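The structure under discussion appears below in the form of structure tokens.
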Amino acid sequence: MDFTPTEEQAAARDLAARIFGDLSTHERLTATGTDSDDELWKTLCEAGLPAAVQDTGLLGLVLLLEEQGRTTAQVPFAASCVYGLLAVSAHGSAEQRERLLPGIAEGTVVVTGALPEAAVRVGPPGRLSGVVPVVPWLRDATHVLVADDEHRLWLVRTLDARCDPVELTAPWAAGRLTLDTSPGERLGDPDGSGRGVSERGVAAYDDVLASARTAFAGLQAGVCAGSVARAVEYTNTREQFGRPLAAKQGVQLRAADAYMDTEAIRVTAYEAAWRRDEGLDYATHALTAAWWASEAGHRVVHAGQHLHGGMGADLEHPVHRHFLWGRQLEAYLGGGSELLQELGELIVHGEGDS
């Protein structure tokens, strides 16, 4: 196991850090409100960062998402790379890869996902019906990846569906997806009929879901790192009775616990991503990363807000964004108890990786 970034991964990470740091400022985020930052998304795509994920793999994506999380940048980076670029690259047909990947890499095609929901019904010929109450970044998307009740994956154009805006805890440009005999194309199905091999569809679903859990755990690692950094800066400059708050042992212990939790999220996300890139089984590792991101992420963003004292209660303070993102990611990943139950069942039934 070696999580040391390659030169290409490190270069992409450093470039992402500069772009996010320059353009995802407190002032710009305030002006953007709950929408996505179109200018930032355009800049990221022109810099070739979504396209770079094709070469840097899931671990490279996790490194990029850490930088997004540090600044809580409002762009559909995670969704489009996981549900679009990686999913189509790994499981799309040759024709789908040729048709879709250039647009996804350039940012003109934005894909989001309705996983792990499986509320979509399939009617002939490849017509989909069902409702998914919440889909992140649906308002930015041109396509959405959905799963039917047999865990087969389908791509649907948002123009062929009804997409109603939904506001979440975090500003993820989410929406409610309604499909009413909407046309869809089976991921990896050359003739688009939806009559692919069943085992192939199940494998694709499991891989995309595990990849998404790993990627969003990496995003949570960045959110938590940003929260801890803000808390450290605040407690070192804020004085009480002539001494910095950081000099108090209670503050030090709380910050240390938050730091260790953040590192646990990071290393488990790295391990799951590395295993996928190496072609190893990683289902239990992805669930472990998601569990840490959910459980520990909750603790970290609460600690970050509490360490700001009264300032942490200010809804306009930058640290509040980390709190909102952390809680949203906790909910999106499924909650610690749910993830732990699924992990336990996977291990007991002998379906986990070694």
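By convention here, the chains of the structure tokens are called A, B, ... in the order presented, each chain's residues are numbered starting at 1, and ligands are numbered starting at 1 in the order presented.
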Each residue of stretch 214-333 of chain A lying at most 8 Å from stretch 167-174 of chain A should get a row with its shortest atom-to-atom pair and the distance in Å to one decimal, counting only C-alpha atoms; could you produce that, ordered by chain and increasing number, as JSON lines?
{"residue": "A:Arg321", "atom": "CA", "partner": "A:Ala170", "partner_atom": "CA", "distance": 7.6}
{"residue": "A:Leu324", "atom": "CA", "partner": "A:Ala170", "partner_atom": "CA", "distance": 5.2}
{"residue": "A:Trp325", "atom": "CA", "partner": "A:Ala170", "partner_atom": "CA", "distance": 5.2}
{"residue": "A:Arg327", "atom": "CA", "partner": "A:Thr169", "partner_atom": "CA", "distance": 7.5}
{"residue": "A:Gln328", "atom": "CA", "partner": "A:Thr169", "partner_atom": "CA", "distance": 5.8}
If you run DSSP on this backbone, which residues of stretch 224-261 of chain A come out as strand (DSSP E), and could you give them as number ranges by chain?
-> A: 239-240, 243-244
Using only C-alpha atoms, find each residue in stretch 27-48 of chain A having at least one atom no more than 10 Å away from stretch 138-152 of chain A; report its shortest atom-to-atom pair and that distance in Å (one decimal), rows by chain then rising number, as a Markdown table.
| residue | atom | partner | partner_atom | distance |
| --- | --- | --- | --- | --- |
| A:Asp35 | CA | A:Arg139 | CA | 8.9 |
| A:Ser36 | CA | A:Asp140 | CA | 7.6 |
| A:Asp38 | CA | A:Asp140 | CA | 9.2 |
Write out as a PyMOL selection string which residues come within 6 Å of stretch 41-58 of chain A when counting only C-alpha atoms, dropping same-chain ones fewer than 3 positions away.
-> chain A and resi 9+38+61+75+105-107+273
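Take atom CA of A:Trp137 and atom CA of A:Gly175: the distance between them is 7.1 Å.
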Hey, what's within 8 Å of stretch 274-282 of chain A if we count only C-alpha atoms and toss same-chain stuff fewer than 2 positions away? As a list in words, please?
-> Met1, Phe3, Gly57, Leu58, Leu59, Ala210, Tyr270, Glu271, Ala272, Thr284, His285, Ala286, Gly352, Asp353 and Ser354 of chain A
Would you mind writing down, as a count of residues only, each residue of stretch 153-277 of chain A that DSSP on the backbone assigns to alpha helix (DSSP H)?
-> 69
